[in-house]
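Engineer: Contents of target-v3.cif (mmCIF, C-alpha atoms) are given next:
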```cif
data_structure
#
loop_
_atom_site.label_atom_id
_atom_site.label_comp_id
_atom_site.auth_asym_id
_atom_site.auth_seq_id
_atom_site.Cartn_x
_atom_site.Cartn_y
_atom_site.Cartn_z
CA MET A 335 135.44 108.23 94.59
CA ALA A 336 133.68 111.46 93.62
CA GLY A 337 129.99 111.18 92.81
CA THR A 338 129.37 108.03 94.87
CA ALA A 339 126.83 107.83 97.68
CA GLY A 340 129.56 107.70 100.33
CA THR A 341 130.88 105.17 102.81
CA PRO A 342 128.77 104.03 105.78
CA GLY A 343 129.71 105.96 108.91
CA THR A 344 131.05 109.04 107.11
CA PRO A 345 129.57 112.47 107.96
CA ARG A 346 127.89 112.61 104.56
CA VAL A 347 126.05 109.33 105.06
CA LEU A 348 125.13 110.16 108.67
CA ARG A 349 123.67 113.49 107.55
CA ALA A 350 121.64 111.68 104.90
CA MET A 351 120.34 109.23 107.52
CA ASN A 352 119.29 112.13 109.77
CA ASP A 353 117.67 113.87 106.80
CA ARG A 354 115.62 110.78 105.97
CA ALA A 355 114.60 110.28 109.60
CA ALA A 356 113.36 113.87 109.77
CA LEU A 357 111.46 113.59 106.49
CA ASP A 358 109.77 110.36 107.63
CA LEU A 359 108.74 112.05 110.88
CA LEU A 360 107.25 114.98 108.97
CA LEU A 361 105.30 112.56 106.78
CA GLU A 362 104.00 110.72 109.84
CA HIS A 363 103.21 113.65 112.13
CA GLY A 364 102.66 116.60 109.81
CA PRO A 365 104.18 120.03 110.43
CA LEU A 366 106.77 120.06 113.23
CA SER A 367 108.96 122.71 114.84
CA ARG A 368 112.74 122.59 114.89
CA THR A 369 112.65 121.80 118.60
CA ARG A 370 110.19 118.94 118.12
CA ILE A 371 112.22 117.46 115.27
CA GLY A 372 115.32 117.65 117.47
CA LYS A 373 113.58 115.79 120.28
CA LEU A 374 112.16 113.10 118.02
CA THR A 375 115.48 112.48 116.25
CA GLY A 376 117.78 113.05 119.23
CA LEU A 377 119.61 115.85 117.42
CA SER A 378 120.80 119.05 119.08
CA LYS A 379 119.06 122.33 118.22
CA PRO A 380 121.97 123.59 116.07
CA THR A 381 122.13 120.26 114.18
CA ALA A 382 118.34 120.24 113.68
CA SER A 383 118.54 123.82 112.38
CA GLN A 384 121.26 122.85 109.91
CA LEU A 385 119.23 119.84 108.81
CA LEU A 386 116.12 121.90 108.14
CA ALA A 387 118.10 124.54 106.29
CA ARG A 388 119.66 121.83 104.13
CA LEU A 389 116.30 120.21 103.36
CA GLU A 390 114.67 123.56 102.64
CA ALA A 391 117.45 124.48 100.21
CA ALA A 392 116.98 121.12 98.50
CA GLY A 393 113.26 121.82 98.05
CA LEU A 394 112.22 118.91 100.27
CA VAL A 395 110.65 120.89 103.14
CA LEU A 396 108.75 124.15 103.44
CA ALA A 397 108.16 126.57 106.28
CA THR A 398 104.38 126.37 106.71
CA GLY A 399 103.52 128.75 109.55
CA THR A 400 104.00 129.01 113.28
CA SER A 401 102.75 127.12 116.31
CA GLU A 402 100.06 128.80 118.42
CA GLY A 403 98.44 128.32 121.79
CA ARG A 404 101.64 127.65 123.75
CA PRO A 405 103.54 129.85 126.21
CA GLY A 406 106.44 131.82 124.79
CA PRO A 407 107.14 132.91 121.22
CA ASN A 408 105.51 131.01 118.39
CA ALA A 409 107.79 128.43 116.76
CA GLN A 410 108.32 128.10 113.01
CA LEU A 411 106.74 124.88 111.65
CA TYR A 412 108.10 122.80 108.78
CA ALA A 413 106.45 120.23 106.51
CA VAL A 414 107.43 118.06 103.56
CA ASN A 415 107.14 119.99 100.32
CA PRO A 416 104.23 118.28 98.49
CA ALA A 417 105.61 119.33 95.12
CA ALA A 418 108.99 117.66 95.69
CA ALA A 419 107.78 114.75 93.53
CA TYR A 420 104.66 113.10 92.16
CA ALA A 421 103.83 109.44 91.57
CA ALA A 422 100.95 107.70 89.82
CA GLY A 423 99.05 104.45 89.99
CA LEU A 424 96.71 102.57 87.64
CA ASP A 425 94.14 99.90 88.53
CA VAL A 426 93.32 97.88 85.42
CA SER A 427 90.24 95.66 85.09
CA PRO A 428 88.36 94.37 82.03
CA ALA A 429 85.72 97.10 82.36
CA ARG A 430 87.84 100.17 83.16
CA ILE A 431 91.19 101.68 84.00
CA ARG A 432 91.25 103.82 87.13
CA ALA A 433 94.17 106.25 87.46
CA ALA A 434 95.37 108.58 90.21
CA VAL A 435 98.28 110.90 90.93
CA ALA A 436 99.62 111.60 94.43
CA ASP A 437 102.13 114.13 95.68
CA ILE A 438 105.12 113.01 97.76
CA THR A 439 103.10 113.28 100.99
CA GLY A 440 100.61 110.67 99.71
CA ARG A 441 97.75 113.10 99.08
CA THR A 442 95.80 112.25 95.93
CA VAL A 443 95.78 115.31 93.68
CA GLY A 444 94.18 113.94 90.51
CA GLU A 445 91.95 111.01 89.50
CA TYR A 446 90.42 109.71 86.30
CA GLU A 447 88.48 106.66 85.18
CA LEU A 448 88.50 105.37 81.59
CA PRO A 449 85.77 102.85 80.65
CA THR A 450 87.12 99.88 78.64
CA PRO A 451 84.10 97.62 78.06
CA GLY A 452 83.94 94.78 75.58
CA ARG A 453 85.85 91.62 74.85
CA ARG A 454 87.94 93.38 72.23
CA PRO A 455 89.56 96.68 73.22
CA ALA A 456 88.27 99.61 71.16
CA GLN A 457 91.75 101.16 71.41
CA PRO A 458 95.21 99.61 71.75
CA VAL A 459 96.23 99.01 75.34
CA VAL A 460 99.04 101.57 75.13
CA ARG A 461 96.50 104.21 74.12
CA GLN A 462 94.17 103.18 76.95
CA VAL A 463 96.96 103.45 79.51
CA THR A 464 98.19 106.83 78.30
CA ASP A 465 94.66 108.23 78.06
CA ALA A 466 93.83 107.12 81.61
CA LEU A 467 97.12 108.45 82.95
CA ASP A 468 96.76 111.75 81.10
CA GLY A 469 93.27 112.18 82.52
CA ALA A 470 94.59 111.92 86.08
CA VAL A 471 97.61 114.09 85.29
CA LYS A 472 95.37 116.79 83.82
CA ALA A 473 93.07 116.64 86.85
CA ALA A 474 96.14 117.23 89.01
CA GLY A 475 97.22 120.24 86.94
CA LEU A 476 100.44 118.51 85.92
CA ALA A 477 102.15 117.05 82.84
CA ARG A 478 103.36 113.50 82.21
CA ASP A 479 106.97 114.60 82.68
CA ASP A 480 106.15 115.71 86.24
CA LEU A 481 105.65 112.10 87.33
CA HIS A 482 108.55 110.36 89.03
CA ARG A 483 107.16 106.82 88.80
CA LEU A 484 104.10 104.82 87.76
CA VAL A 485 102.84 101.50 89.17
CA ILE A 486 100.24 99.57 87.16
CA GLY A 487 98.10 96.96 88.89
CA THR A 488 96.51 94.20 86.79
CA PRO A 489 94.84 90.85 87.39
CA GLY A 490 97.30 88.00 87.01
CA ALA A 491 101.00 88.80 86.78
CA PHE A 492 103.65 89.55 84.19
CA ASP A 493 105.98 86.56 84.06
CA PRO A 494 109.49 87.88 84.89
CA ASN A 495 110.98 85.21 82.60
CA THR A 496 108.96 86.05 79.47
CA GLY A 497 107.37 89.46 80.06
CA ARG A 498 103.93 88.08 79.18
CA LEU A 499 100.82 88.46 81.29
CA ARG A 500 99.69 85.17 82.84
CA TYR A 501 96.65 84.06 84.87
CA ALA A 502 94.42 86.80 83.38
CA SER A 503 92.92 85.56 80.11
CA HIS A 504 89.87 87.75 80.82
CA LEU A 505 91.89 90.97 80.33
CA PRO A 506 91.66 91.67 76.58
CA GLY A 507 94.60 93.19 74.73
CA TRP A 508 97.18 92.74 77.50
CA HIS A 509 98.84 89.53 76.30
CA SER A 510 101.14 90.75 73.53
CA PRO A 511 104.79 89.81 74.16
CA ALA A 512 105.78 93.31 72.99
CA LEU A 513 103.39 95.16 75.32
CA LEU A 514 105.87 96.06 78.05
CA ASP A 515 108.35 97.44 75.52
CA GLU A 516 105.60 99.46 73.86
CA LEU A 517 104.50 100.93 77.18
CA ALA A 518 108.09 101.74 78.12
CA ALA A 519 108.51 103.61 74.81
CA ALA A 520 105.28 105.58 75.33
CA LEU A 521 105.82 106.61 78.97
CA PRO A 522 108.59 108.96 80.11
CA MET A 523 108.82 107.70 83.70
CA PRO A 524 109.90 104.34 85.20
CA VAL A 525 106.97 101.90 85.20
CA GLU A 526 106.43 98.91 87.48
CA TYR A 527 103.76 96.23 87.15
CA GLU A 528 102.17 94.37 90.04
CA ASN A 529 99.35 91.94 90.63
CA ASP A 530 96.21 93.73 91.79
CA VAL A 531 95.70 91.63 94.94
CA ASN A 532 99.34 92.13 95.91
CA LEU A 533 98.70 95.87 95.75
CA VAL A 534 95.72 95.52 98.08
CA ALA A 535 98.10 93.82 100.52
CA VAL A 536 100.51 96.75 100.17
CA ALA A 537 97.67 99.15 101.02
CA GLU A 538 96.61 97.09 104.05
CA GLN A 539 100.19 96.76 105.29
CA ARG A 540 100.92 100.47 105.02
CA LEU A 541 97.54 101.96 105.88
CA GLY A 542 95.13 99.31 107.12
CA ALA A 543 94.52 96.12 109.05
CA ALA A 544 97.98 94.59 108.49
CA ARG A 545 100.05 97.51 109.80
CA GLY A 546 102.88 96.22 111.94
CA HIS A 547 102.57 92.65 110.61
CA ARG A 548 105.39 91.01 108.65
CA ASP A 549 103.68 87.68 107.96
CA PHE A 550 100.11 87.63 106.70
CA VAL A 551 97.82 86.34 103.98
CA LEU A 552 95.28 88.59 102.30
CA LEU A 553 92.30 86.80 100.75
CA TRP A 554 90.50 88.83 98.09
CA ASN A 555 87.09 88.08 96.62
CA GLU A 556 85.51 90.43 94.13
CA LEU A 557 85.74 89.94 90.36
CA GLY A 558 87.95 86.95 91.10
CA LEU A 559 89.26 85.03 94.09
CA GLY A 560 92.93 85.55 94.87
CA ALA A 561 95.43 85.93 97.66
CA ALA A 562 98.55 87.92 98.50
CA LEU A 563 101.31 86.32 100.55
CA VAL A 564 103.53 88.54 102.70
CA LEU A 565 106.41 86.65 104.30
CA GLY A 566 109.05 88.39 106.39
CA GLY A 567 107.63 91.75 105.40
CA ARG A 568 107.99 91.09 101.66
CA LEU A 569 105.51 90.03 99.00
CA HIS A 570 106.09 86.48 97.83
CA ARG A 571 105.45 86.44 94.08
CA GLY A 572 106.81 83.05 93.06
CA TRP A 573 108.86 82.00 90.05
CA THR A 574 106.32 83.14 87.42
CA GLY A 575 104.55 85.78 89.53
CA GLY A 576 101.69 83.38 90.14
CA ALA A 577 101.99 82.96 93.91
CA GLY A 578 98.58 83.76 95.38
CA GLU A 579 96.52 82.67 92.37
CA VAL A 580 94.43 80.59 94.76
CA GLY A 581 91.35 80.66 92.57
CA PHE A 582 93.02 77.76 90.73
CA LEU A 583 93.45 75.77 93.97
CA PRO A 584 91.81 72.29 93.93
CA VAL A 585 89.64 72.03 97.04
CA PRO A 586 87.22 69.51 98.58
CA GLY A 587 83.61 70.20 97.66
CA ALA A 588 84.29 71.31 94.10
CA PRO A 589 84.90 69.18 90.98
CA LEU A 590 88.43 69.19 89.60
CA VAL A 591 88.85 71.82 86.88
CA ARG A 592 91.12 70.59 84.08
CA GLN A 593 93.25 73.00 82.03
CA VAL A 594 92.64 75.78 84.53
CA THR A 595 94.48 78.46 82.55
CA LYS A 596 92.11 77.97 79.60
CA ALA A 597 89.08 77.99 81.91
CA ASN A 598 90.60 80.91 83.88
CA SER A 599 89.13 79.22 86.95
CA GLY A 600 89.73 76.40 89.39
CA GLY A 601 88.16 74.57 92.29
CA TYR A 602 88.36 77.31 94.92
CA GLN A 603 87.00 79.89 92.49
CA GLU A 604 84.07 77.61 91.64
CA LEU A 605 83.45 76.85 95.31
CA ALA A 606 83.70 80.30 96.93
CA GLY A 607 84.17 82.91 94.19
CA SER A 608 81.68 85.73 93.78
CA GLN A 609 80.11 84.13 90.71
CA ALA A 610 79.17 81.05 92.76
CA LEU A 611 77.10 82.94 95.32
CA PRO A 612 73.89 83.67 93.34
CA GLY A 613 73.51 80.00 92.38
CA LEU A 614 74.20 78.89 95.95
CA ALA A 615 71.64 81.36 97.26
CA ARG A 616 69.04 80.08 94.82
CA ARG A 617 69.62 76.46 95.88
CA LEU A 618 69.22 77.41 99.54
CA GLY A 619 65.84 79.05 98.94
CA VAL A 620 66.72 82.74 98.61
CA THR A 621 64.15 84.13 96.18
CA ASP A 622 64.74 87.89 95.99
CA LEU A 623 68.12 87.69 94.24
CA PRO A 624 69.78 91.04 93.43
CA THR A 625 70.42 91.88 89.79
CA GLY A 626 73.39 93.49 88.08
CA PRO A 627 77.04 92.44 87.60
CA TYR A 628 77.83 89.25 89.52
CA ALA A 629 80.43 90.83 91.82
CA GLU A 630 78.00 93.53 92.92
CA ALA A 631 75.17 91.03 93.26
CA ALA A 632 77.37 88.74 95.35
CA ALA A 633 78.35 91.57 97.69
CA GLU A 634 74.70 92.53 98.11
CA LEU A 635 73.79 88.92 98.94
CA VAL A 636 76.54 88.70 101.57
CA ALA A 637 75.49 92.02 103.11
CA ARG A 638 71.86 90.87 103.35
CA ALA A 639 72.89 87.50 104.78
CA ALA A 640 74.94 89.18 107.52
CA ASP A 641 71.76 90.97 108.66
CA HIS A 642 69.77 87.74 109.07
CA ALA A 643 70.05 85.49 112.13
CA THR A 644 67.94 82.66 110.68
CA GLY A 645 66.43 81.34 107.46
CA PRO A 646 67.90 80.87 103.97
CA TYR A 647 70.11 83.93 104.19
CA ARG A 648 71.82 82.65 107.34
CA GLN A 649 72.25 79.26 105.67
CA LEU A 650 73.88 81.08 102.78
CA LEU A 651 76.34 82.87 105.06
CA ASN A 652 77.18 79.71 107.00
CA THR A 653 77.80 77.75 103.81
CA TYR A 654 79.86 80.57 102.31
CA ALA A 655 81.98 80.74 105.48
CA THR A 656 82.67 77.00 105.32
CA ARG A 657 83.66 77.23 101.66
CA LEU A 658 86.01 80.14 102.35
CA ALA A 659 87.60 78.33 105.29
CA THR A 660 88.11 75.20 103.16
CA GLY A 661 90.54 76.99 100.86
CA LEU A 662 92.10 79.05 103.64
CA ALA A 663 92.91 75.86 105.56
CA SER A 664 95.29 74.80 102.77
CA LEU A 665 97.06 78.16 102.80
CA VAL A 666 97.31 78.21 106.58
CA SER A 667 98.67 74.66 106.71
CA VAL A 668 101.52 75.55 104.34
CA LEU A 669 102.29 79.15 105.34
CA ASP A 670 101.31 79.32 109.04
CA PRO A 671 100.68 83.10 108.85
CA GLU A 672 100.22 85.35 111.86
CA LEU A 673 97.23 87.11 110.30
CA VAL A 674 94.64 86.64 107.55
CA VAL A 675 93.04 89.76 106.09
CA LEU A 676 89.66 89.39 104.35
CA SER A 677 89.25 91.93 101.57
CA GLY A 678 87.21 92.56 98.43
CA ALA A 679 83.51 93.42 98.36
CA SER A 680 82.29 89.81 98.61
CA LEU A 681 84.16 89.47 101.92
CA THR A 682 84.00 92.93 103.48
CA ALA A 683 80.23 93.07 102.89
CA GLY A 684 79.84 90.34 105.53
CA GLY A 685 81.71 92.39 108.12
CA GLU A 686 82.31 91.00 111.59
CA VAL A 687 79.53 88.41 111.26
CA LEU A 688 81.17 86.65 108.30
CA ARG A 689 84.66 87.07 109.78
CA ALA A 690 83.63 85.30 113.00
CA LEU A 691 82.03 82.42 111.07
CA VAL A 692 85.13 81.91 108.91
CA GLN A 693 87.38 82.13 111.98
CA ALA A 694 85.38 79.42 113.76
CA GLU A 695 85.40 77.15 110.72
CA LEU A 696 89.11 77.67 110.12
CA GLU A 697 89.95 76.75 113.70
CA GLU A 698 88.32 73.37 113.09
CA LEU A 699 89.92 72.76 109.68
CA ALA A 700 93.51 73.98 110.21
CA ALA A 701 96.16 72.99 112.76
CA SER A 702 97.36 76.56 113.34
CA ARG A 703 95.04 79.39 114.25
CA PRO A 704 95.86 82.73 112.67
CA ARG A 705 93.80 85.76 113.59
CA LEU A 706 91.30 86.85 110.93
CA VAL A 707 90.48 90.52 110.39
CA VAL A 708 88.41 92.45 107.86
CA GLY A 709 90.41 94.80 105.63
CA ASP A 710 90.34 98.51 106.46
CA VAL A 711 91.15 99.96 103.02
CA ARG A 712 87.75 99.95 101.32
CA GLU A 713 87.93 102.78 98.76
CA HIS A 714 89.79 101.70 95.60
CA PRO A 715 92.27 99.47 97.48
CA VAL A 716 94.14 98.33 94.34
CA LEU A 717 94.71 101.92 93.26
CA ARG A 718 95.71 102.94 96.78
CA GLY A 719 98.23 100.12 96.87
CA ALA A 720 99.64 101.16 93.49
CA LEU A 721 100.12 104.71 94.77
CA GLU A 722 101.73 103.50 98.01
CA SER A 723 104.09 101.25 96.06
CA ALA A 724 105.06 104.06 93.67
CA LEU A 725 105.50 106.51 96.55
CA ALA A 726 107.74 104.16 98.53
CA THR A 727 110.29 103.93 95.72
CA THR A 728 109.91 107.62 94.87
CA ARG A 729 110.65 108.64 98.45
CA ASP A 730 113.68 106.37 98.62
CA GLU A 731 115.07 108.14 95.58
CA VAL A 732 113.99 111.74 96.19
CA PHE A 733 114.73 111.76 99.94
CA ASP A 734 118.26 110.37 99.47
CA THR A 735 120.48 113.42 100.15
CA SER A 736 123.74 111.42 100.20
CA ARG A 737 124.20 111.78 96.45
#
```
Can the structure from this file be put into structure tokens for me?
Structural biologist:
Amino acid sequence: MAGTAGTPGTPRVLRAMNDRAALDLLLEHGPLSRTRIGKLTGLSKPTASQLLARLEAAGLVLATGTSEGRPGPNAQLYAVNPAAAYAAGLDVSPARIRAAVADITGRTVGEYELPTPGRRPAQPVVRQVTDALDGAVKAAGLARDDLHRLVIGTPGAFDPNTGRLRYASHLPGWHSPALLDELAAALPMPVEYENDVNLVAVAEQRLGAARGHRDFVLLWNELGLGAALVLGGRLHRGWTGGAGEVGFLPVPGAPLVRQVTKANSGGYQELAGSQALPGLARRLGVTDLPTGPYAEAAAELVARAADHATGPYRQLLNTYATRLATGLASLVSVLDPELVVLSGASLTAGGEVLRALVQAELEELAASRPRLVVGDVREHPVLRGALESALATTRDEVFDTSR
């Protein structure tokens, strides 16, 4: 039937598969010659030449120069056309919305941060989102209509059954049942919504410590304590999107929290969340407590504790490691993951010292023994994950030459 994507095995589909393989190689390796592309894909020189001509005509690749420093004539080099498409990501927290735009190669070309302090939003959420997005778009020298897709990361998750944001009562203005429709009406591109910790897992799986792993748990501790569950290479979100909301997990060592959604907290959050660390430090005899927002103060405490081999600070780190392992033991017992990634400032600040302590504790508390690693994506990991998620779908659509 005319206009369809074609039947598997037909020349049209096989050409599209070769096109996509070549584009992925150019993304991974950077500029390549026709000969190199032919070797990496197994295509003959004439077929590789036809492929590059086809992709160049479609605006997906560009001739970028010639190779130098090798015997013989210089070879023409080709690269993915950065302007073939653009995608955007937003990282939403109670205090600010951070926005960025990336070209199809993954290079960030525009960023913007919009402060949103206060328990009541000064502007409607739709206005906040569009202002933050427009700031990044302007910084990139683009217009809204140039964006192919937008992914918005928030605490909690939008319930797929109702469209309402759950597990994030601390995010003012985002709980209207009409919000998603209002955002769809205001934005010209497709928009996806994802939990912020899930997006950190996307960033770690594509760029960081979880590359090559199809089964892992990411534990996040910063403004809140949460987890992302990747099973068989896919994020497990659960029926309401609440899979990974481990801050609500009842754990030994913490009183039961009743009506957790109203308290926006639970046992594991009270035991090992960032807000618990200053009080724990005080009880253990740490006197020079850092000031400032609790997440930043907690990260500073953990960093100091990792530098001390004895005394109250080391007691703090040991106790913190035991508390973290207590909750992780429940996750490990149910999921049996290959890998656990520790991320968020209140975990990464402890580095290898904290990781080793948690690993040792977990091996005593859980029957299986996953490997623990510290996350590699440290700079704006939620935003990076949003961009990677938006780019993955954008590439699938833009790089599909079978249509």
Engineer: Rounded to one decimal place, report the CA of Leu635 (chain A)-CA of Asn555 (chain A) distance in Å.
Structural biologist: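 About the pair CA of Leu635 (chain A) and CA of Asn555 (chain A): they are 13.5 Å apart.
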Engineer: Using all atoms listed in the file, which protein or nucleic acid residues come within 7 Å of Ala422 (chain A)? Drop anything in the same chain fewer than 3 positions from it, and give the result as a list of chain:residue names.
Structural biologist: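 Once the nearby chain positions are removed, what remains is A:Ala434, A:Val435, A:Ala436, A:Leu481, A:Arg483, A:Leu484, A:Val485, A:Leu721, A:Ala724.
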Engineer: Going by the chain IDs and residue numbers used in this file, which residues fall under the PyMOL selection byres ((chain A and resi 473) around 8)? Write them as a list in words.
Structural biologist: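 Taken on the displayed file, the PyMOL selection byres ((chain A and resi 473) around 8) yields the residues Val443, Gly444, Glu445, Tyr446, Gly469, Ala470, Val471, Lys472, Ala474, Gly475 and Leu476 of chain A.
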Engineer: Distance CA of Gly497 (chain A)-CA of Glu516 (chain A), one decimal place?
Structural biologist: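 If I compute the distance from CA of Gly497 (chain A) to CA of Glu516 (chain A), I get 11.9 Å.
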Engineer: CA of Thr488 (chain A) and CA of Gly572 (chain A), how far apart in Å?
Structural biologist: 16.4 Å
Engineer: Rank A:Ser367, A:Ser599, A:Asn532, A:Ser401 by their smallest atom-to-atom distance to Ala720 (chain A), using all atoms listed in the file, and report the top residue only.
Structural biologist: A:Asn532
Engineer: I want to know what sits within 8 Å of Leu448 (chain A), based on all atoms listed in the file, with residues of the same chain fewer than 2 positions away left out; could you give that as a list in words?
Structural biologist: Arg430, Ile431, Arg432, Tyr446, Thr450, Gln462, Asp465 and Ala466 of chain A
Engineer: If you apply the PyMOL selection byres ((chain A and resi 350-364) around 10) to this file, what residues do you get, as a ChimeraX atom specification?
Structural biologist: /A:339-340,345-349,365-367,371-372,374-377,381-382,385-386,388-389,394-395,411-415,438-440,729-730,732-737
Engineer: Name the residues that the PyMOL selection byres ((chain A and resi 574) around 9) picks from the file above, as a VMD selection string, using the file's chain letters and numbers.
Structural biologist: chain A and resid 491 to 496 500 571 to 573 575 to 577
Engineer: Tell me which residues come within 12 Å of (100.3, 97.1, 112.1), as an mmCIF file with C-alpha atoms, in the coordinates of the input, counting all atoms listed in the file in the file's coordinates.
Structural biologist:
```cif
data_model
loop_
_atom_site.group_PDB
_atom_site.id
_atom_site.type_symbol
_atom_site.label_atom_id
_atom_site.label_comp_id
_atom_site.auth_asym_id
_atom_site.auth_seq_id
_atom_site.Cartn_x
_atom_site.Cartn_y
_atom_site.Cartn_z
ATOM 1 C CA VAL A 536 100.510 96.750 100.170
ATOM 2 C CA ALA A 537 97.670 99.150 101.020
ATOM 3 C CA GLU A 538 96.610 97.090 104.050
ATOM 4 C CA GLN A 539 100.190 96.760 105.290
ATOM 5 C CA ARG A 540 100.920 100.470 105.020
ATOM 6 C CA LEU A 541 97.540 101.960 105.880
ATOM 7 C CA GLY A 542 95.130 99.310 107.120
ATOM 8 C CA ALA A 543 94.520 96.120 109.050
ATOM 9 C CA ALA A 544 97.980 94.590 108.490
ATOM 10 C CA ARG A 545 100.050 97.510 109.800
ATOM 11 C CA GLY A 546 102.880 96.220 111.940
ATOM 12 C CA HIS A 547 102.570 92.650 110.610
ATOM 13 C CA ARG A 548 105.390 91.010 108.650
ATOM 14 C CA ASP A 549 103.680 87.680 107.960
ATOM 15 C CA PHE A 550 100.110 87.630 106.700
ATOM 16 C CA GLY A 567 107.630 91.750 105.400
ATOM 17 C CA GLU A 672 100.220 85.350 111.860
ATOM 18 C CA LEU A 673 97.230 87.110 110.300
ATOM 19 C CA VAL A 675 93.040 89.760 106.090
ATOM 20 C CA VAL A 707 90.480 90.520 110.390
ATOM 21 C CA ASP A 710 90.340 98.510 106.460
#
```
Engineer: Excluding Gly587 (chain A) and residues on its chain fewer than 2 positions from it, collect all residues at most 9 Å away from it, counting only C-alpha atoms, and give them as a list in words.
Structural biologist: Val585, Pro589, Gly601, Tyr602, Leu605, Arg657 and Thr660 of chain A
Engineer: From the options A:Ala655, A:Val460, A:Gly558, A:Glu686, which residue's atoms come nearest to Ala512 (chain A), counting all atoms listed in the file?
Structural biologist: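 Smallest separation from Ala512 (chain A) among the options: A:Val460.
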Engineer: Using all atoms listed in the file for the distances, tell me which of A:Thr464, A:Ser702, A:Thr644, A:Asn652 is nearest to Leu665 (chain A).
Structural biologist: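 Residue with the minimum atom-to-atom distance to Leu665 (chain A): A:Ser702.
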Engineer: Using all atoms listed in the file, can you tell me which of A:Ala588, A:Val674, A:Ala387, A:Val708 comes closest to Ala561 (chain A)?
Structural biologist: A:Val674
Engineer: Restricting the calculation to only C-alpha atoms: of A:Pro380, A:Gly487, A:Pro416, A:Pro704, which residue gets closest to Leu396 (chain A)?
Structural biologist: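 Comparing A:Pro380, A:Gly487, A:Pro416, A:Pro704 against Leu396 (chain A), the winner is A:Pro416.
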Engineer: Find, counting only C-alpha atoms, the residue in A:Glu697, A:Gly619, A:Ala639, A:Leu553 that gets nearest to Thr656 (chain A).
Structural biologist: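 The closest residue to Thr656 (chain A) is A:Glu697.
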Engineer: Fewer than 6 positions away in the same chain doesn't count, so skip those; otherwise give me all residues within 10 Å of Ala429 (chain A), counting all atoms listed in the file, as a list in words.
Structural biologist: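 Answer for this query is Leu448, Pro449, Thr450, Pro451, Gly452, Arg453, Pro455, Leu505 and Pro506 of chain A.
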Engineer: Mind writing the picked residues with C-alpha atoms as a compact mmCIF listing (two decimals), keeping the file's coordinate frame?
Structural biologist:
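Final file, again00.txt:
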```txt
# COMPACT_ATOMS: atom_id res chain seq x y z
CA LEU A 448 88.50 105.37 81.59
CA PRO A 449 85.77 102.85 80.65
CA THR A 450 87.12 99.88 78.64
CA PRO A 451 84.10 97.62 78.06
CA GLY A 452 83.94 94.78 75.58
CA ARG A 453 85.85 91.62 74.85
CA PRO A 455 89.56 96.68 73.22
CA LEU A 505 91.89 90.97 80.33
CA PRO A 506 91.66 91.67 76.58
```
